[in-house]
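A.B. asks: Sharing a structure with you now.
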Amino acid sequence: MALFDRNQRQRSSFCSTATFVVFVALCLLGLWMMSLSSPEKVAANKQGADVVKAEEDSSIDATNTVKQDSANVVAEDVVENAAAKPGGGDVEGDGGGKAAASNKDQSFDDENGKTEGGELVKPGAGGDTDAAAGQDKGAEEAAVESSTTKDDAAGNKDQTAVDSKDGGGDLDPGAEQGATDAKASAEQAVVTTDAVKESGAELGGGGGGTPKKLTFDDENGKMDGVDLVKDDGNKTRISEESAKVEGAALTVKPVAKAAAAAAATTDTEKQEEASAAGADTTTSASATSAEEEKRQEGAAAAEAQPNVQAELLTEERAAQNGSFTTQAAESTEEKKKRAERTKGNNNKKGKRQKKNAAAAGWKLCNSSAGADYIPCLDNLEAIRKLKTDKHYEHRERHCPAEAPTCLVPAPPEYREPIRWPHSRDKIWYGNVPHTKLAAYKGHQNWVKVSGEHLTFPGGGTQFKHGALHYIELIQNSHPEVAWGRRSRVVLDVGCGVASFGGYLFDRDALTMSLAPKDEHEAQVQFALERGIPAISAVMGTQRLPFPANVFDVVHCARCRVPWHIDGGMLLLELNRMLRPGGFFVWSATPVYQKLPDDVEIWDEMVKLTKAMCWEMVAKTRDTVDLVGLVIFRKPVSNGCYDEREQKGPALCESSDDPNAAWNIKLRACMHRVPEDPSARGSRWPAPWPERLGKVPYWLERSQVGVYGKPAPDDFAADLEHWRKAVRSSYLAGMGIDWKTVRNVMDMRAVYGGFAAALREMKVWVMNVVTIDSPDTLPVIYERGLFGIYHDWCESFSTYPRSYDLLHADHLFSKLKPRCKVLPVIVEVDRIMRPNGKLIVRDDKETVDEIKSVVRSLQWEVRMTVSKDKEAMLCARKTTWRPTQVETR
């Protein structure tokens with residue numbers, strides 16, 4: 001009992017002492033809070049807390065961020081003096097320097113999808129920014145006060161959120177380490193930008209004015225500095241099986257699972273932190289130590305990743321080695337034009353300047369084509385000067401001397417396109433308000449008008465009962481066609497509304513559909529609106545802009561092309577583009593009708609194809625559509641050419657380059673088939689989809705690739721780089737709703753790695769190889785993709801509002817020596833659908849110039865990030881159009 005009494009006395013004494021300590025602590029707390037009378041000191045306290053939080057959040061994966069509506073996501077450059085603005089986070093004395101040093105470097109991580117240090121904000125908050133900032137600041141002060149009171153009441157002596165000068169205590173070791181790390185990282189990278197409002201005004205208040213920095217790192221595919229925001233349901237990943245490609249050893253990380261685990265861990269930590277407000281300081285130090293250890297492990301893992309882009313050298317080195325020529329060099333007539341253009345540009349080089357479109361004022365194009373204006377195909381002045389249109393010269397390209405800088409209007413009733421695959425069957429009439437084709441071809445099930453929709457039953461002139469039945473007819477006629485395995489890349493000449501190509505997607509075959517503009521009103525425009533690849537082109541007097549020996553199948557169903565005239569010159573152009581061993585499928589009345597004209601044409605075609613050494617492998621008649629078709633095969637050797645009794649068509653001279661395709665006149669001659677086992681075209685590619693990631697057999701290690709490595713390594717490194725970039729950044733972190741993306745263009749494709757990385761998406765990609773870049777378009781076709789040659793100093797042969805997403809990797813800076821950036825951006829605006837996206841990767845000066853132009857076009861700049869002299873921009877085109885029309 002005595003013992004019990006003694007404990008009671010001791011406890012009573014202890015409680016008295018504790019009561020006195022608490023009383024003194026409360027008094028000191030009151031005095032301390034009175035000293036915190038200025039907002040600057042509160043901001044300093046918050047800055048110290050933010051140092052710790054930045055360190056804790058640095059390892060959170062991008063997939064662990066909050067989801068938002070992509071239409072509201074904006075992140076742009078902030079002015080350099082943002083820190084000096086009210087609420088900018090400056091503190092007295094050394095506090096400002098520590099706050100700046102503690103700011104976490106911002107960059108983006110293509111490889112791991114990580115983002116650090118910045119945030120994307122919603123536009124339209126402008127008018128209430130200051131008020132909201134005041135509220136946020138008040139809330140933060142209350143939070144600091146509440147947190148401090150709670151800690152002191154619990155007996156916690158560690159004030160980690162208080163600056164050493166103002167609060168009388170030292171920063172938590174983890175916070176000091178975070179500030180040191182941030183400072184060291186800032187010295188290693190030149191970084192810019194912070195999130196601002198869409199209107200361009202600065203964000204204030206909340207103690208968040210210290211400039212946040214965003215960078216991207218192509219060496220490791222890293223991206224830091226943006227809290228990447230994704231659309232609901234927009235969580236897309238490349239499968240592990242898809243990533244296993246020959247020539248590039250890729251490891252797909254379980255990003256989604258890791259993100260979920262990170263999210264769960266973060267939530268748990270927050271709950272434990274709230275429940276342990278009065279815990280001993282040792283617990284906090286232990287948690288900080290564990291977090292620091294985790295961060296260091298993450299950094300080590302990142303360093304262990306291969307430096308893909310760092311190993312991809314500049315293209316100039318490859319150009320000097322000459323392993324890849326350019327299309328301009330291959331095209332003889334283009335050489336002459338280039339020399340004349342260069343001479344003219346040299347005289348004007350000193351006069352070239354950045355043009356601010358906002359100052360000049362945007363105007364609508366004054367063209368009779370209206371909303372369907374294609375500058376190089378609607379140049380009426382040049383068309384009127386033609387001496388003849390016998391060979392469809394009036395449907396060929398005739399580009400204006402000066403690229404237009406006017407904007408094409410949209411149809412009055414234009415609305416967001418219907419998404420694929422529903423768009424294959426119907427589109428909005430208001431988007432393509434043309435009905436002549438429905439009236440002219442309605443009985444053949446091309447297109448019909450149905451209320452506010454245009455519907456596509458899937459028929460055509462030769463397949464009224466549907467394209468799928470017709471496609472099966474071809475397969476059954478000659479099983480070796482093997483749609484989607486052996487026959488992957490198809491050219492459809494005279495495509496109509498492209499139902500043939502649209503339904504070949506079901507067979508995993510990719511079709512380049514082409515037809516002249518206005519031969520049947522808006523046929524190619526219908527195709528593109530439906531989400532089917534197509535271009536406006538005609539077989540007239542010049543070669544089509546494709547390499548030799550690349551198409552697995554060429555198809556023509558009543559395409560109205562006179563193959564047999566002029567020495568078979570047009571059929572010989574198909575022979576140039578058709579892969580040795582490839583098929584020409586011809587479905588037309590001469591195949592199965594006995595009218596005098598049809599019989600005459602058939603006899604001429606039999607004679608011509610025999611002279612070309614084409615083998616007729618199948619001829620059939622369909623009992624459903626009551627049509628017939630014939631299949632010819634191109635030879636795989638030159639023996640037949642040498643043994644011909646008649647020598648016409650003649651063989652082309654050895655100096656005639658079959659790959660020269662840009663502005664080259666057609667000739668009625670045949671090129672020999674490549675027979676050297678190491679030459680391109682001498683072997684059939686691997687079956688699809690194996691060919692997608694397989695290094696082409698004709699790329700040898702003695703060749704120097706585009707980036708300066710041995711060609712096979714160059715190819716593999718390019719593929720690996722784009723796999724990482726697309727998987728971790730493009731699909732997960734740019735605020736792009738990929739459900740709305742169908743028609744994609746890579747404006748400077750190189751090896752087609754970007755398109756290959758999007759294989760699992762429900763998109764198709766038009767790969768463009770510019771005429772002054774290394775001629776890698778044959779590589780793209782070899783891997784089962786398709787593309788086209790083009791000069792971006794001119795208009796592209798497509799209708800306005802054709803593409804959902806345009807991707808330009810170091811395109812614009814390379815165009816600057818030959819043409820201005822402004823007209824190219826105007827062309828981008830023309831061919832992109834409203835609400836479409838533009839992604840640009842280029843040098844910072846060029847990206848800044850592009851950003852200025854697209855802002856003047858009222859585009860929404862969603863994100864700009866930079867590192868050193870490189871930058872990336874993601875922007876969304878809006879529905880804005882000017883009201884004024886240009887004068888002629």
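Order determines the names: the first chain of the structure tokens is A, the second B, and so forth; residues in each chain are numbered 1 upward, and ligands are numbered 1 upward as they are shown.
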Could you pull out the residues in segment 363-476 of chain A that DSSP calls strand (DSSP E) from the backbone, as a list in words?

C.D. replies: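 Residues of segment 363-476 of chain A classed as strand (DSSP E): Lys426, Ile427, Trp428, Lys448, Val449, Ser450, His453, Leu454 and Thr455 of chain A.
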
A.B. asks: Write out as a PDB file with C-alpha atoms, in the first residue's frame the residues lying within 7 Å of Ala661 of chain A, counting only C-alpha atoms and excluding same-chain residues fewer than 6 positions away.

C.D. replies:
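Below is the file that was written, selection_6.pdb:
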```
ATOM      1  CA  SER A 331      14.652  13.349-108.473  1.00  0.00           C
ATOM      2  CA  ARG A 543       5.078   9.678-110.989  1.00  0.00           C
ATOM      3  CA  LEU A 544       3.142   9.218-107.804  1.00  0.00           C
ATOM      4  CA  PRO A 545       5.084  10.279-104.657  1.00  0.00           C
ATOM      5  CA  PHE A 546       5.979   6.748-103.541  1.00  0.00           C
ATOM      6  CA  PRO A 547       9.220   4.706-103.755  1.00  0.00           C
TER       7      PRO A 547
END
```

A.B. asks: Hey, what's within 9 Å of segment 366-383 of chain A if we count only C-alpha atoms and toss same-chain stuff fewer than 5 positions away? As a ChimeraX atom specification, please?

C.D. replies: /A:393-400,403-404,406,408-411,517,522,525,536,794-801,830,885-888

A.B. asks: Quick one: write out the picked residues with N, CA and C atoms as a compact mmCIF listing (two decimals), in the first residue's frame?

C.D. replies:
```txt
# COMPACT_ATOMS: atom_id res chain seq x y z
N GLU A 393 -3.94 16.79 -116.53
CA GLU A 393 -3.01 17.79 -116.00
C GLU A 393 -3.70 18.75 -115.02
N HIS A 394 -4.97 19.02 -115.25
CA HIS A 394 -5.70 19.96 -114.39
C HIS A 394 -5.98 19.38 -113.00
N ARG A 395 -5.77 18.08 -112.81
CA ARG A 395 -5.95 17.47 -111.50
C ARG A 395 -4.63 17.26 -110.77
N GLU A 396 -3.52 17.60 -111.40
CA GLU A 396 -2.21 17.45 -110.77
C GLU A 396 -1.90 18.67 -109.91
N ARG A 397 -0.79 18.61 -109.21
CA ARG A 397 -0.40 19.70 -108.30
C ARG A 397 0.13 20.90 -109.07
N HIS A 398 -0.42 22.06 -108.76
CA HIS A 398 0.05 23.34 -109.29
C HIS A 398 0.05 24.33 -108.13
N CYS A 399 1.16 24.36 -107.39
CA CYS A 399 1.20 25.13 -106.15
C CYS A 399 1.42 26.61 -106.41
N PRO A 400 0.82 27.48 -105.59
CA PRO A 400 1.04 28.92 -105.73
C PRO A 400 2.51 29.27 -105.49
N ALA A 403 3.27 30.46 -100.61
CA ALA A 403 2.38 29.62 -99.81
C ALA A 403 1.34 30.49 -99.11
N PRO A 404 0.08 30.10 -99.11
CA PRO A 404 -0.98 30.93 -98.50
C PRO A 404 -0.78 31.10 -97.00
N CYS A 406 -3.63 32.51 -95.40
CA CYS A 406 -5.02 32.70 -95.02
C CYS A 406 -5.56 31.41 -94.40
N VAL A 408 -8.70 28.58 -93.85
CA VAL A 408 -9.84 27.99 -94.53
C VAL A 408 -11.03 27.93 -93.57
N PRO A 409 -12.19 28.41 -94.01
CA PRO A 409 -13.36 28.36 -93.12
C PRO A 409 -13.87 26.94 -92.95
N ALA A 410 -14.57 26.69 -91.87
CA ALA A 410 -15.23 25.39 -91.66
C ALA A 410 -16.68 25.50 -92.12
N PRO A 411 -17.30 24.39 -92.51
CA PRO A 411 -18.72 24.42 -92.87
C PRO A 411 -19.54 24.96 -91.70
N LYS A 517 -9.25 14.91 -107.06
CA LYS A 517 -10.22 15.79 -106.43
C LYS A 517 -11.33 16.13 -107.42
N ALA A 522 -16.18 15.12 -103.64
CA ALA A 522 -15.79 14.92 -102.24
C ALA A 522 -15.53 13.47 -101.88
N GLN A 525 -12.67 13.24 -99.48
CA GLN A 525 -13.07 13.90 -98.24
C GLN A 525 -14.00 13.01 -97.42
N SER A 536 -5.67 12.98 -102.20
CA SER A 536 -6.14 13.45 -103.50
C SER A 536 -4.96 13.41 -104.47
N GLU A 794 5.28 23.45 -99.46
CA GLU A 794 4.09 23.46 -100.29
C GLU A 794 2.92 22.83 -99.53
N SER A 795 1.73 22.98 -100.08
CA SER A 795 0.53 22.43 -99.47
C SER A 795 0.50 20.91 -99.65
N PHE A 796 -0.11 20.21 -98.70
CA PHE A 796 -0.27 18.77 -98.76
C PHE A 796 -1.54 18.43 -99.55
N SER A 797 -1.53 17.31 -100.26
CA SER A 797 -2.65 16.94 -101.13
C SER A 797 -3.76 16.24 -100.34
N THR A 798 -4.36 16.99 -99.47
CA THR A 798 -5.50 16.46 -98.72
C THR A 798 -6.49 17.58 -98.45
N TYR A 799 -7.71 17.19 -98.12
CA TYR A 799 -8.75 18.16 -97.83
C TYR A 799 -8.52 18.81 -96.47
N PRO A 800 -9.12 19.99 -96.25
CA PRO A 800 -9.08 20.57 -94.90
C PRO A 800 -9.76 19.65 -93.90
N ARG A 801 -9.34 19.79 -92.65
CA ARG A 801 -9.95 19.05 -91.52
C ARG A 801 -9.83 17.54 -91.72
N ARG A 830 -4.86 24.11 -91.59
CA ARG A 830 -5.80 23.72 -92.64
C ARG A 830 -6.15 22.24 -92.59
N VAL A 885 -12.42 38.42 -94.85
CA VAL A 885 -11.99 37.62 -96.00
C VAL A 885 -10.90 38.39 -96.73
N GLU A 886 -9.84 37.68 -97.15
CA GLU A 886 -8.75 38.35 -97.84
C GLU A 886 -9.21 38.90 -99.17
N THR A 887 -8.55 39.95 -99.62
CA THR A 887 -8.85 40.54 -100.93
C THR A 887 -7.92 39.96 -101.96
N ARG A 888 -8.42 39.79 -103.17
CA ARG A 888 -7.59 39.20 -104.23
C ARG A 888 -6.76 40.27 -104.93
```

A.B. asks: Which residues, written as a ChimeraX atom specification, have at least one atom at most 6 Å from Val704 of chain A, with only C-alpha atoms counted and residues fewer than 2 positions away on the same chain left out?

C.D. replies: /A:318,323,708-711

A.B. asks: Write out the residues from the selection above, keeping N, CA, C and O atoms, as a PDB file, in the first residue's frame.

C.D. replies:
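File selection_38.pdb, as written:
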```
ATOM      1  N   ALA A 318      25.152  11.675 -90.985  1.00  0.00           N
ATOM      2  CA  ALA A 318      24.729  10.646 -91.930  1.00  0.00           C
ATOM      3  C   ALA A 318      24.708  11.190 -93.349  1.00  0.00           C
ATOM      4  O   ALA A 318      25.042  10.492 -94.301  1.00  0.00           O
ATOM      5  N   SER A 323      25.008   7.418 -96.910  1.00  0.00           N
ATOM      6  CA  SER A 323      24.360   6.106 -96.968  1.00  0.00           C
ATOM      7  C   SER A 323      22.915   6.223 -97.426  1.00  0.00           C
ATOM      8  O   SER A 323      22.403   5.360 -98.119  1.00  0.00           O
ATOM      9  N   GLY A 708      23.655   8.426 -87.433  1.00  0.00           N
ATOM     10  CA  GLY A 708      25.099   8.253 -87.398  1.00  0.00           C
ATOM     11  C   GLY A 708      25.589   6.915 -86.905  1.00  0.00           C
ATOM     12  O   GLY A 708      26.787   6.647 -86.923  1.00  0.00           O
ATOM     13  N   LYS A 709      24.693   6.043 -86.454  1.00  0.00           N
ATOM     14  CA  LYS A 709      25.106   4.707 -86.019  1.00  0.00           C
ATOM     15  C   LYS A 709      25.020   3.749 -87.194  1.00  0.00           C
ATOM     16  O   LYS A 709      24.424   4.077 -88.223  1.00  0.00           O
ATOM     17  N   PRO A 710      25.568   2.546 -87.092  1.00  0.00           N
ATOM     18  CA  PRO A 710      25.333   1.541 -88.139  1.00  0.00           C
ATOM     19  C   PRO A 710      23.845   1.367 -88.355  1.00  0.00           C
ATOM     20  O   PRO A 710      23.066   1.346 -87.397  1.00  0.00           O
ATOM     21  N   ALA A 711      23.421   1.265 -89.609  1.00  0.00           N
ATOM     22  CA  ALA A 711      22.000   1.333 -89.948  1.00  0.00           C
ATOM     23  C   ALA A 711      21.110   0.392 -89.128  1.00  0.00           C
ATOM     24  O   ALA A 711      20.058   0.814 -88.639  1.00  0.00           O
TER      25      ALA A 711
END
```

A.B. asks: Determine, counting only C-alpha atoms, which protein, DNA and RNA residues have an atom within 6 Å of an atom of segment 755-770 of chain A; residues of the same chain fewer than 3 positions away are not included. Present the result as number ranges by chain.

C.D. replies: A: 723, 742-749, 752, 773, 787-791

A.B. asks: At what distance in Å, to one decimal, does atom CA of Val847 of chain A lie from atom CA of Met872 of chain A?

C.D. replies: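 The value is 6.9 Å.
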
A.B. asks: At a cut-off of 12 Å, using only C-alpha atoms, what residues contact Leu815 of chain A? Leave out same-chain residues fewer than 3 positions from it and give the result as a PyMOL selection string.

C.D. replies: chain A and resi 747-748+770-773+791-794+808-812+818-825+842+846

A.B. asks: Give me the residues within 8 Å of Glu529 of chain A as a ChimeraX atom specification, counting only C-alpha atoms and dropping any in the same chain fewer than 3 places off.

C.D. replies: /A:417,423,427,432,525-526,532,802

A.B. asks: Taking only C-alpha atoms into account, which of A:Lys619, A:His422, A:Arg644, A:Arg680 comes nearest Gly531 of chain A?

C.D. replies: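 Smallest distance to Gly531 of chain A is found for A:His422.
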
A.B. asks: Counting only C-alpha atoms, which of A:Asp603, A:Glu782, A:Asp657, A:Asp868 gets nearest to Glu330 of chain A?

C.D. replies: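 Answer, going by the shortest atom-to-atom distance: A:Asp657.
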
A.B. asks: Pick out each residue of segment 323-485 of chain A that DSSP on the backbone tags as helix (DSSP H, G or I); I need them as a count of residues only.

C.D. replies: 65

A.B. asks: Under the rule of at most 12 Å, produce a per-residue listing of segment 577-677 of chain A near segment 484-488 of chain A: chain, number, name, the closest pair of atoms, and the distance in Å, as a Markdown table, using only C-alpha atoms.

C.D. replies:
```
| residue | atom | partner | partner_atom | distance |
| --- | --- | --- | --- | --- |
| A:Leu578 | CA | A:Ser487 | CA | 11.7 |
| A:Arg579 | CA | A:Ser487 | CA | 10.5 |
| A:Gly581 | CA | A:Ser487 | CA | 10.7 |
| A:Gly582 | CA | A:Ser487 | CA | 8.3 |
| A:Phe583 | CA | A:Ser487 | CA | 8.9 |
| A:Phe584 | CA | A:Ser487 | CA | 11.5 |
```

A.B. asks: Go through A:Trp428, A:Tyr697, A:Phe715, A:Tyr392 and flag the residue nearest Pro677 of chain A, using only C-alpha atoms for the distances.

C.D. replies: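 Checking each candidate against Pro677 of chain A, we get A:Tyr697 as the closest.
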